[in-house]
Every structure is written in C-alpha cells, then in structure tokens.
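What follows is the content of coords-v9.txt (compact mmCIF, C-alpha atoms and all ligand atoms).
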```txt
# COMPACT_ATOMS: atom_id res chain seq x y z
CA MET J 1 -51.00 14.93 -35.13
CA LEU J 2 -50.03 18.03 -33.13
CA VAL J 3 -48.62 17.54 -29.64
CA ARG J 4 -47.42 19.72 -26.79
CA LEU J 5 -44.62 18.46 -24.56
CA VAL J 6 -43.66 20.29 -21.36
CA TYR J 7 -40.55 19.33 -19.41
CA PHE J 8 -38.22 20.76 -16.82
CA SER J 9 -34.52 20.21 -16.31
CA ARG J 10 -31.62 21.44 -14.20
CA SER J 11 -28.69 23.28 -15.79
CA THR J 12 -25.37 21.57 -15.12
CA ARG J 13 -23.83 24.95 -14.28
CA ASP J 14 -24.96 28.54 -13.79
CA MET J 15 -26.05 29.96 -17.12
CA THR J 16 -25.29 33.50 -18.20
CA LEU J 17 -27.58 35.44 -20.48
CA LEU J 18 -25.03 34.77 -23.23
CA ASP J 19 -25.29 31.00 -22.64
CA ILE J 20 -29.06 31.24 -22.94
CA GLN J 21 -28.79 33.39 -26.06
CA LYS J 22 -26.60 30.71 -27.67
CA ILE J 23 -29.21 28.05 -26.93
CA LEU J 24 -31.98 30.28 -28.29
CA GLU J 25 -30.11 31.18 -31.46
CA VAL J 26 -29.71 27.52 -32.46
CA ALA J 27 -33.16 26.58 -31.16
CA ARG J 28 -34.92 29.32 -33.13
CA ASP J 29 -33.18 28.38 -36.39
CA ASN J 30 -33.87 24.67 -35.96
CA ASN J 31 -37.41 25.13 -34.71
CA ASN J 32 -38.25 27.38 -37.61
CA ALA J 33 -37.14 24.65 -40.04
CA LEU J 34 -38.96 21.96 -38.04
CA GLN J 35 -42.15 24.01 -37.55
CA ILE J 36 -41.75 23.71 -33.82
CA CYS J 37 -42.83 26.47 -31.51
CA GLY J 38 -42.70 26.91 -27.77
CA MET J 39 -41.56 28.78 -24.74
CA LEU J 40 -38.50 28.49 -22.52
CA CYS J 41 -37.81 29.98 -19.14
CA TYR J 42 -34.76 29.75 -16.93
CA GLU J 43 -34.40 30.65 -13.26
CA GLN J 44 -32.68 29.21 -10.20
CA ARG J 45 -30.87 26.78 -12.51
CA TYR J 46 -34.13 25.24 -13.68
CA PHE J 47 -35.29 25.22 -17.28
CA LEU J 48 -38.98 24.89 -18.06
CA GLN J 49 -39.85 24.45 -21.71
CA ALA J 50 -42.88 23.75 -23.89
CA LEU J 51 -42.45 22.29 -27.37
CA GLU J 52 -45.32 22.17 -29.84
CA GLY J 53 -45.36 20.60 -33.28
CA GLU J 54 -45.93 17.38 -35.21
CA ARG J 55 -45.63 14.38 -32.90
CA ASP J 56 -42.65 12.67 -34.57
CA VAL J 57 -40.75 15.95 -34.83
CA VAL J 58 -41.38 16.90 -31.20
CA ASN J 59 -40.37 13.42 -30.02
CA GLU J 60 -37.11 13.48 -31.95
CA LEU J 61 -36.22 17.02 -30.89
CA TYR J 62 -36.98 16.21 -27.25
CA LEU J 63 -34.54 13.29 -27.38
CA ASP J 64 -31.85 15.60 -28.81
CA ILE J 65 -32.50 18.24 -26.17
CA ALA J 66 -32.59 15.67 -23.37
CA GLY J 67 -29.09 14.50 -24.41
CA ASP J 68 -27.64 18.01 -24.25
CA PRO J 69 -24.86 18.12 -21.62
CA ARG J 70 -25.82 21.66 -20.57
CA HIS J 71 -28.63 20.23 -18.47
CA ASP J 72 -29.70 17.05 -16.69
CA GLU J 73 -32.58 15.72 -14.57
CA VAL J 74 -34.65 16.21 -17.73
CA THR J 75 -38.22 15.28 -16.75
CA ILE J 76 -41.41 15.33 -18.80
CA ILE J 77 -44.24 17.10 -16.97
CA SER J 78 -46.92 16.59 -19.61
CA TYR J 79 -47.37 15.30 -23.15
CA ASN J 80 -50.69 15.88 -24.89
CA GLU J 81 -52.29 15.85 -28.27
CA VAL J 82 -53.55 19.38 -28.98
CA GLU J 83 -55.87 20.79 -31.60
CA ASP J 84 -54.13 24.13 -31.90
CA ARG J 85 -50.76 25.60 -31.03
CA TRP J 86 -50.72 27.93 -28.05
CA PHE J 87 -47.18 29.17 -28.66
CA GLY J 88 -47.57 29.56 -32.43
CA ALA J 89 -46.10 33.05 -32.48
CA TRP J 90 -42.71 31.93 -31.15
CA ASN J 91 -40.16 29.51 -32.68
CA MET J 92 -38.95 29.60 -29.10
CA GLY J 93 -40.05 32.39 -26.77
CA PHE J 94 -37.89 33.15 -23.78
CA ALA J 95 -38.98 34.65 -20.49
CA PRO J 96 -36.20 35.86 -18.22
CA ALA J 97 -36.94 36.03 -14.50
CA SER J 98 -38.46 39.37 -13.53
CA ASP J 99 -40.88 40.87 -11.02
CA ASP J 100 -43.71 39.86 -13.37
CA PHE J 101 -42.36 36.32 -13.43
CA TYR J 102 -42.48 36.14 -9.62
CA ALA J 103 -45.95 37.73 -9.60
CA LEU J 104 -47.17 34.93 -11.89
CA LEU J 105 -45.53 32.34 -9.67
CA SER J 106 -47.27 33.76 -6.64
CA GLU J 107 -50.63 33.56 -8.51
CA LEU J 108 -49.89 29.82 -8.67
CA GLY J 109 -49.31 29.83 -4.91
CA LYS J 110 -45.53 29.48 -5.29
CA ASN J 111 -42.77 31.76 -4.09
CA GLU J 112 -39.92 29.74 -5.55
CA PHE J 113 -39.32 28.48 -9.08
CA ARG J 114 -39.18 24.72 -8.51
CA PRO J 115 -40.81 23.11 -11.56
CA ALA J 116 -40.35 19.68 -9.99
CA ASP J 117 -43.19 20.65 -7.62
CA PHE J 118 -45.50 21.91 -10.37
CA THR J 119 -48.57 20.04 -11.53
CA PRO J 120 -48.92 19.81 -15.34
CA GLU J 121 -51.60 22.51 -15.15
CA GLN J 122 -49.36 24.88 -13.15
CA ALA J 123 -46.42 24.39 -15.53
CA PHE J 124 -48.53 25.06 -18.63
CA SER J 125 -50.32 27.96 -16.99
CA LEU J 126 -47.02 29.67 -16.12
CA LEU J 127 -45.63 29.22 -19.65
CA MET J 128 -48.91 30.35 -21.18
CA LYS J 129 -49.03 33.52 -19.09
CA LEU J 130 -45.38 34.26 -19.78
CA SER J 131 -46.06 33.94 -23.49
CA GLU J 132 -49.04 36.29 -23.19
CA GLN J 133 -46.82 38.86 -21.51
CA GLN J 134 -44.31 38.56 -24.34
CA GLY J 135 -47.07 39.23 -26.82
CA THR J 136 -47.91 42.62 -25.33
P1 LIG J 201 -24.54 20.57 -32.46
O1 LIG J 201 -24.59 22.04 -32.16
O2 LIG J 201 -23.50 20.03 -33.37
O3 LIG J 201 -24.50 19.77 -31.09
C1 LIG J 201 -23.79 18.58 -30.91
C2 LIG J 201 -23.86 18.18 -29.45
O4 LIG J 201 -23.23 19.15 -28.60
C3 LIG J 201 -25.31 18.09 -28.95
O5 LIG J 201 -25.37 17.01 -28.00
C4 LIG J 201 -25.52 19.39 -28.26
O6 LIG J 201 -26.56 19.22 -27.32
C5 LIG J 201 -24.16 19.68 -27.66
N1 LIG J 201 -23.84 21.13 -27.54
C6 LIG J 201 -24.09 22.11 -28.44
N2 LIG J 201 -23.65 23.31 -27.99
C7 LIG J 201 -23.10 23.07 -26.77
C8 LIG J 201 -22.47 23.90 -25.77
N3 LIG J 201 -22.33 25.23 -25.94
N4 LIG J 201 -22.04 23.32 -24.63
C9 LIG J 201 -22.19 21.99 -24.43
N5 LIG J 201 -22.76 21.15 -25.33
C10 LIG J 201 -23.22 21.69 -26.48
N6 LIG J 201 -32.48 22.98 -29.81
C11 LIG J 201 -33.48 23.12 -30.70
O7 LIG J 201 -33.28 22.88 -31.88
N7 LIG J 201 -34.73 23.54 -30.30
C12 LIG J 201 -35.03 23.82 -29.00
O8 LIG J 201 -36.16 24.21 -28.70
C13 LIG J 201 -33.98 23.66 -28.03
N8 LIG J 201 -34.20 23.90 -26.73
C14 LIG J 201 -33.20 23.68 -25.84
C15 LIG J 201 -33.46 23.88 -24.47
C16 LIG J 201 -32.45 23.65 -23.54
C17 LIG J 201 -32.75 23.85 -22.08
C18 LIG J 201 -31.15 23.23 -23.95
C19 LIG J 201 -30.07 23.00 -22.95
C20 LIG J 201 -30.89 23.04 -25.30
C21 LIG J 201 -31.90 23.27 -26.25
N9 LIG J 201 -31.67 23.09 -27.61
C22 LIG J 201 -32.70 23.24 -28.50
C23 LIG J 201 -30.33 22.75 -28.13
C24 LIG J 201 -30.24 21.28 -28.46
O9 LIG J 201 -30.01 20.53 -27.28
C25 LIG J 201 -29.09 21.04 -29.46
O10 LIG J 201 -27.91 21.65 -29.00
C26 LIG J 201 -29.44 21.64 -30.81
O11 LIG J 201 -30.65 21.06 -31.28
C27 LIG J 201 -28.30 21.41 -31.83
O12 LIG J 201 -27.91 20.07 -31.78
P2 LIG J 201 -27.12 19.39 -32.98
O13 LIG J 201 -26.77 18.01 -32.55
O14 LIG J 201 -27.88 19.56 -34.23
O15 LIG J 201 -25.86 20.32 -33.18
```

What is this structure when it is put down as structure tokens?
Amino acid sequence: MLVRLVYFSRSTRDMTLLDIQKILEVARDNNNALQICGMLCYEQRYFLQALEGERDVVNELYLDIAGDPRHDEVTIISYNEVEDRWFGAWNMGFAPASDDFYALLSELGKNEFRPADFTPEQAFSLLMKLSEQQGT
C-alpha cells in the first residue's frame, strides 16, 4: 500500500544551506534505497516535508526523522493512502525560499510561512506546486 505523509517541524537552530545539503545528501541516498520520494522545504525555521512510499517504510522513516535532534515540534499534517506518487521524480526534492515561493504562499492567502496554520490541502498544494516548479 502506497501512502503519503506530510508533516512540519521546527529546526532547533538556524540552518545554513550547508546544513540542509547534509540532510539532503543522506536523505537522497537512503530514500533511493527505500524507494521513498518526496519534497522538503525550509524557511523561517520551519521544515515542511512530504514522504511517499510503501506504508511500513514511510512509517519507519518518519519515526527516524521525528527523532532527529536537528528539529522538534514534529507534527503530522496528513497521512493518506494514495494510488500514485506525486513526487515520484525526486528521492527528496528541495525548494529553497524564493520570490516564487512567496508568490505560491500568497496564492494560498498566506504572507508568512507558518505550516502550523496550514490545512492539509494547503500544505500539499504548496509542496505540489513547488515540485512542479522544480520540474521545469
Ligand atoms: P546516522 O547518520 O548515524 O544518525 C544517527 C543519529 O544522529 C540520528 O538520530 C540522526 O537523526 C542524528 N544525526 C545525524 N546527523 C546529525 C547532525 N548533523 N546533527 C545532529 N544530529 C544528527 N533521512 C532520510 O533518510 N530521508 C529523509 O527524507 C530525511 N528527511 C529529513 C528531514 C529533516 C527535516 C531532518 C532534520 C532530517 C531528515 N533525514 C532524512 C535525516 C534523518 O533524520 C536521519 O539523520 C537519517 O535517516 C540517518 O539516520 P541514521 O540513524 O541512519 O544515521
């Protein structure tokens, strides 16, 4: 069974691009082996991430990620069975904050990146649109 899990969390300190690159390097290797795909974004000390893959694998990876001391307040926004992967092209895509990022946020009626205030639909929609931008 394929599932998609979307969560947000708060970094325990300010992250540099190098910090993020280190996370992505390990994530992409692991996710490739685990056939997990997804999308990560980071801004204003919030992470927002989607994980897609086989249910048991996603569950186990989520528990590992949730225990990572680089972030806390880890909160699931949505968890659904899905027929197809949306983020199939990325072992773990990453969207840095940019003007486009804030334009997408404003399409959702938001001017700040505060995933704690997002509905499940808003969180998925943002990640989906960010992934579409990466594909172009
Ligand atoms: P190890 O690298 O041996 O890690 C051992 C422990 O140390 C783990 O608890 C790990 O979380 C922690 N750790 C590792 N590096 C650091 C560091 N630089 N500073 C502080 N603690 C550290 N991993 C994936 O495989 N796929 C993902 O999609 C993914 N997404 C992530 C998203 C976020 C926001 C964060 C913060 C981490 C993510 N990770 C992801 C990393 C994940 O939490 C684990 O670090 C990774 O899976 C390797 O764990 P390990 O126990 O196999 O190895």

Find the residues of stretch 94-119 of chain J that sit at most 9 Å from stretch 70-79 of chain J; for each, write down the nearest two atoms and how far apart they are in Å, to one decimal. Count all atoms listed in the file. Sort by chain, then by number going up, and give it as JSON lines.
```
{"residue": "J:Pro115", "atom": "CA", "partner": "J:Ile77", "partner_atom": "CA", "distance": 8.8}
{"residue": "J:Ala116", "atom": "CA", "partner": "J:Thr75", "partner_atom": "CA", "distance": 8.3}
{"residue": "J:Phe118", "atom": "CA", "partner": "J:Ile77", "partner_atom": "CA", "distance": 8.3}
{"residue": "J:Thr119", "atom": "CA", "partner": "J:Ile77", "partner_atom": "CA", "distance": 7.5}
```

Just the residues within 10 Å of J:Met15, please, counting all atoms listed in the file, with nothing from its chain fewer than 2 positions along; format it as a PDB file with C-alpha atoms, in the frame of the given file.
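What follows is the written file around-v3.pdb:
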```pdb
ATOM      1  CA  SER J  11     -28.690  23.280 -15.790  1.00  0.00           C
ATOM      2  CA  THR J  12     -25.370  21.570 -15.120  1.00  0.00           C
ATOM      3  CA  ARG J  13     -23.830  24.950 -14.280  1.00  0.00           C
ATOM      4  CA  LEU J  17     -27.580  35.440 -20.480  1.00  0.00           C
ATOM      5  CA  LEU J  18     -25.030  34.770 -23.230  1.00  0.00           C
ATOM      6  CA  ASP J  19     -25.290  31.000 -22.640  1.00  0.00           C
ATOM      7  CA  ILE J  20     -29.060  31.240 -22.940  1.00  0.00           C
ATOM      8  CA  GLN J  21     -28.790  33.390 -26.060  1.00  0.00           C
ATOM      9  CA  TYR J  42     -34.760  29.750 -16.930  1.00  0.00           C
ATOM     10  CA  GLU J  43     -34.400  30.650 -13.260  1.00  0.00           C
ATOM     11  CA  GLN J  44     -32.680  29.210 -10.200  1.00  0.00           C
ATOM     12  CA  ARG J  45     -30.870  26.780 -12.510  1.00  0.00           C
ATOM     13  CA  TYR J  46     -34.130  25.240 -13.680  1.00  0.00           C
ATOM     14  CA  ARG J  70     -25.820  21.660 -20.570  1.00  0.00           C
TER      15      ARG J  70
END
```

With all atoms listed in the file counted and 6 Å as the cut-off, give the residues of chain J in contact with ligand LIG 201 (chain J), each with its shortest interatomic distance in Å and the pair that gives it, as a tab-separated table.
```
residue	atom	partner	partner_atom	distance
J:Ile23	CA	J:LIG201	C21	5.5
J:Val26	CA	J:LIG201	O7	5.9
J:Ala27	CA	J:LIG201	C11	3.5
J:Asn30	CA	J:LIG201	O7	4.5
J:Asn31	CA	J:LIG201	N7	5.4
J:Phe47	CA	J:LIG201	C17	5.6
J:Asp64	CA	J:LIG201	O9	5.5
J:Ile65	CA	J:LIG201	O9	3.6
J:Gly67	CA	J:LIG201	O5	5.7
J:Asp68	CA	J:LIG201	O6	3.5
J:Pro69	CA	J:LIG201	N5	5.2
J:Arg70	CA	J:LIG201	C19	5.1
J:His71	CA	J:LIG201	C19	5.5
```

Contact residues around J:Asp99 with all atoms listed in the file at 12 Å, ignoring same-chain residues under 6 positions, as a PyMOL selection string: chain J and resi 105-106+111+130

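Nearest residue to J:Ser131 among J:Tyr62, J:Phe101, J:Tyr7, J:Leu2 is J:Phe101, counting all atoms listed in the file.
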
Distance criterion (all atoms listed in the file): nearest to J:Cys37 out of J:Thr16, J:Ser98, J:Asn80, J:Gln49: J:Gln49

What residues have an atom no more than 7 Å from (-44.1, 19.1, -25.1) in the file's own frame, counting all atoms listed in the file, and can you write them as a ChimeraX atom specification? /J:3-7,50-52,78-79

Could you jot down the atom CA of J:Leu63 to atom CA of J:Glu81 separation for me, Å, one decimal place? 18.0 Å

Contact table stretch 10-77 of chain J vs stretch 93-97 of chain J, cut-off 8 Å, shortest pair per residue, only C-alpha atoms, as JSON lines:
```
{"residue": "J:Leu24", "atom": "CA", "partner": "J:Phe94", "partner_atom": "CA", "distance": 8.0}
{"residue": "J:Gly38", "atom": "CA", "partner": "J:Gly93", "partner_atom": "CA", "distance": 6.2}
{"residue": "J:Met39", "atom": "CA", "partner": "J:Gly93", "partner_atom": "CA", "distance": 4.4}
{"residue": "J:Leu40", "atom": "CA", "partner": "J:Phe94", "partner_atom": "CA", "distance": 4.9}
{"residue": "J:Cys41", "atom": "CA", "partner": "J:Ala95", "partner_atom": "CA", "distance": 5.0}
{"residue": "J:Tyr42", "atom": "CA", "partner": "J:Pro96", "partner_atom": "CA", "distance": 6.4}
{"residue": "J:Glu43", "atom": "CA", "partner": "J:Ala97", "partner_atom": "CA", "distance": 6.1}
```

Report, in Å to a single decimal, how far apart atom CA of J:Val57 and atom CA of J:Arg114 are. 27.8 Å

From the options J:Arg10, J:Glu54, J:Met92, J:Glu60, which residue's atoms come nearest to J:Glu25, counting all atoms listed in the file? J:Met92

Since the input has fewer atoms than a full residue there, write stretch 65-85 of chain J out with N, CA, C and O atoms, as a PDB file, in the frame of the given file.
```pdb
ATOM      1  N   ILE J  65     -32.644  17.262 -27.263  1.00  0.00           N
ATOM      2  CA  ILE J  65     -32.500  18.240 -26.170  1.00  0.00           C
ATOM      3  C   ILE J  65     -32.134  17.522 -24.879  1.00  0.00           C
ATOM      4  O   ILE J  65     -31.247  17.964 -24.138  1.00  0.00           O
ATOM      5  N   ALA J  66     -32.819  16.395 -24.623  1.00  0.00           N
ATOM      6  CA  ALA J  66     -32.590  15.670 -23.370  1.00  0.00           C
ATOM      7  C   ALA J  66     -31.135  15.194 -23.258  1.00  0.00           C
ATOM      8  O   ALA J  66     -30.603  15.028 -22.166  1.00  0.00           O
ATOM      9  N   GLY J  67     -30.486  14.973 -24.431  1.00  0.00           N
ATOM     10  CA  GLY J  67     -29.090  14.500 -24.410  1.00  0.00           C
ATOM     11  C   GLY J  67     -28.079  15.636 -24.328  1.00  0.00           C
ATOM     12  O   GLY J  67     -26.872  15.381 -24.323  1.00  0.00           O
ATOM     13  N   ASP J  68     -28.547  16.856 -24.263  1.00  0.00           N
ATOM     14  CA  ASP J  68     -27.640  18.010 -24.250  1.00  0.00           C
ATOM     15  C   ASP J  68     -26.929  18.087 -22.897  1.00  0.00           C
ATOM     16  O   ASP J  68     -27.592  18.115 -21.853  1.00  0.00           O
ATOM     17  N   PRO J  69     -25.580  18.137 -22.901  1.00  0.00           N
ATOM     18  CA  PRO J  69     -24.860  18.120 -21.620  1.00  0.00           C
ATOM     19  C   PRO J  69     -24.995  19.408 -20.799  1.00  0.00           C
ATOM     20  O   PRO J  69     -24.521  19.466 -19.662  1.00  0.00           O
ATOM     21  N   ARG J  70     -25.658  20.418 -21.348  1.00  0.00           N
ATOM     22  CA  ARG J  70     -25.820  21.660 -20.570  1.00  0.00           C
ATOM     23  C   ARG J  70     -26.895  21.538 -19.501  1.00  0.00           C
ATOM     24  O   ARG J  70     -27.060  22.419 -18.679  1.00  0.00           O
ATOM     25  N   HIS J  71     -27.632  20.434 -19.530  1.00  0.00           N
ATOM     26  CA  HIS J  71     -28.630  20.230 -18.470  1.00  0.00           C
ATOM     27  C   HIS J  71     -28.785  18.739 -18.185  1.00  0.00           C
ATOM     28  O   HIS J  71     -28.346  17.890 -18.956  1.00  0.00           O
ATOM     29  N   ASP J  72     -29.381  18.453 -17.028  1.00  0.00           N
ATOM     30  CA  ASP J  72     -29.700  17.050 -16.690  1.00  0.00           C
ATOM     31  C   ASP J  72     -31.003  17.032 -15.891  1.00  0.00           C
ATOM     32  O   ASP J  72     -31.699  18.053 -15.830  1.00  0.00           O
ATOM     33  N   GLU J  73     -31.285  15.897 -15.285  1.00  0.00           N
ATOM     34  CA  GLU J  73     -32.580  15.720 -14.570  1.00  0.00           C
ATOM     35  C   GLU J  73     -33.758  16.092 -15.474  1.00  0.00           C
ATOM     36  O   GLU J  73     -34.760  16.652 -15.014  1.00  0.00           O
ATOM     37  N   VAL J  74     -33.613  15.803 -16.767  1.00  0.00           N
ATOM     38  CA  VAL J  74     -34.650  16.210 -17.730  1.00  0.00           C
ATOM     39  C   VAL J  74     -35.904  15.347 -17.501  1.00  0.00           C
ATOM     40  O   VAL J  74     -35.831  14.121 -17.586  1.00  0.00           O
ATOM     41  N   THR J  75     -37.015  16.005 -17.202  1.00  0.00           N
ATOM     42  CA  THR J  75     -38.220  15.280 -16.750  1.00  0.00           C
ATOM     43  C   THR J  75     -39.460  15.806 -17.471  1.00  0.00           C
ATOM     44  O   THR J  75     -39.758  17.007 -17.404  1.00  0.00           O
ATOM     45  N   ILE J  76     -40.172  14.908 -18.124  1.00  0.00           N
ATOM     46  CA  ILE J  76     -41.410  15.330 -18.800  1.00  0.00           C
ATOM     47  C   ILE J  76     -42.489  15.590 -17.757  1.00  0.00           C
ATOM     48  O   ILE J  76     -42.728  14.769 -16.867  1.00  0.00           O
ATOM     49  N   ILE J  77     -43.132  16.752 -17.866  1.00  0.00           N
ATOM     50  CA  ILE J  77     -44.240  17.100 -16.970  1.00  0.00           C
ATOM     51  C   ILE J  77     -45.574  16.710 -17.618  1.00  0.00           C
ATOM     52  O   ILE J  77     -46.476  16.214 -16.960  1.00  0.00           O
ATOM     53  N   SER J  78     -45.681  16.970 -18.921  1.00  0.00           N
ATOM     54  CA  SER J  78     -46.920  16.590 -19.610  1.00  0.00           C
ATOM     55  C   SER J  78     -46.650  16.394 -21.099  1.00  0.00           C
ATOM     56  O   SER J  78     -45.694  16.964 -21.648  1.00  0.00           O
ATOM     57  N   TYR J  79     -47.489  15.598 -21.713  1.00  0.00           N
ATOM     58  CA  TYR J  79     -47.370  15.300 -23.150  1.00  0.00           C
ATOM     59  C   TYR J  79     -48.799  15.052 -23.635  1.00  0.00           C
ATOM     60  O   TYR J  79     -49.430  14.091 -23.206  1.00  0.00           O
ATOM     61  N   ASN J  80     -49.286  15.970 -24.479  1.00  0.00           N
ATOM     62  CA  ASN J  80     -50.690  15.880 -24.890  1.00  0.00           C
ATOM     63  C   ASN J  80     -50.869  16.138 -26.373  1.00  0.00           C
ATOM     64  O   ASN J  80     -50.161  16.971 -26.938  1.00  0.00           O
ATOM     65  N   GLU J  81     -51.863  15.468 -26.928  1.00  0.00           N
ATOM     66  CA  GLU J  81     -52.290  15.850 -28.270  1.00  0.00           C
ATOM     67  C   GLU J  81     -53.067  17.162 -28.130  1.00  0.00           C
ATOM     68  O   GLU J  81     -53.847  17.311 -27.186  1.00  0.00           O
ATOM     69  N   VAL J  82     -52.826  18.100 -29.036  1.00  0.00           N
ATOM     70  CA  VAL J  82     -53.550  19.380 -28.980  1.00  0.00           C
ATOM     71  C   VAL J  82     -54.149  19.682 -30.348  1.00  0.00           C
ATOM     72  O   VAL J  82     -53.630  19.241 -31.374  1.00  0.00           O
ATOM     73  N   GLU J  83     -55.241  20.437 -30.322  1.00  0.00           N
ATOM     74  CA  GLU J  83     -55.870  20.790 -31.600  1.00  0.00           C
ATOM     75  C   GLU J  83     -55.174  21.976 -32.244  1.00  0.00           C
ATOM     76  O   GLU J  83     -55.042  22.056 -33.457  1.00  0.00           O
ATOM     77  N   ASP J  84     -54.758  22.916 -31.389  1.00  0.00           N
ATOM     78  CA  ASP J  84     -54.130  24.130 -31.900  1.00  0.00           C
ATOM     79  C   ASP J  84     -52.861  24.415 -31.104  1.00  0.00           C
ATOM     80  O   ASP J  84     -52.747  24.009 -29.951  1.00  0.00           O
ATOM     81  N   ARG J  85     -51.979  25.174 -31.735  1.00  0.00           N
ATOM     82  CA  ARG J  85     -50.760  25.600 -31.030  1.00  0.00           C
ATOM     83  C   ARG J  85     -51.096  26.792 -30.136  1.00  0.00           C
ATOM     84  O   ARG J  85     -51.790  27.701 -30.571  1.00  0.00           O
TER      85      ARG J  85
END
```
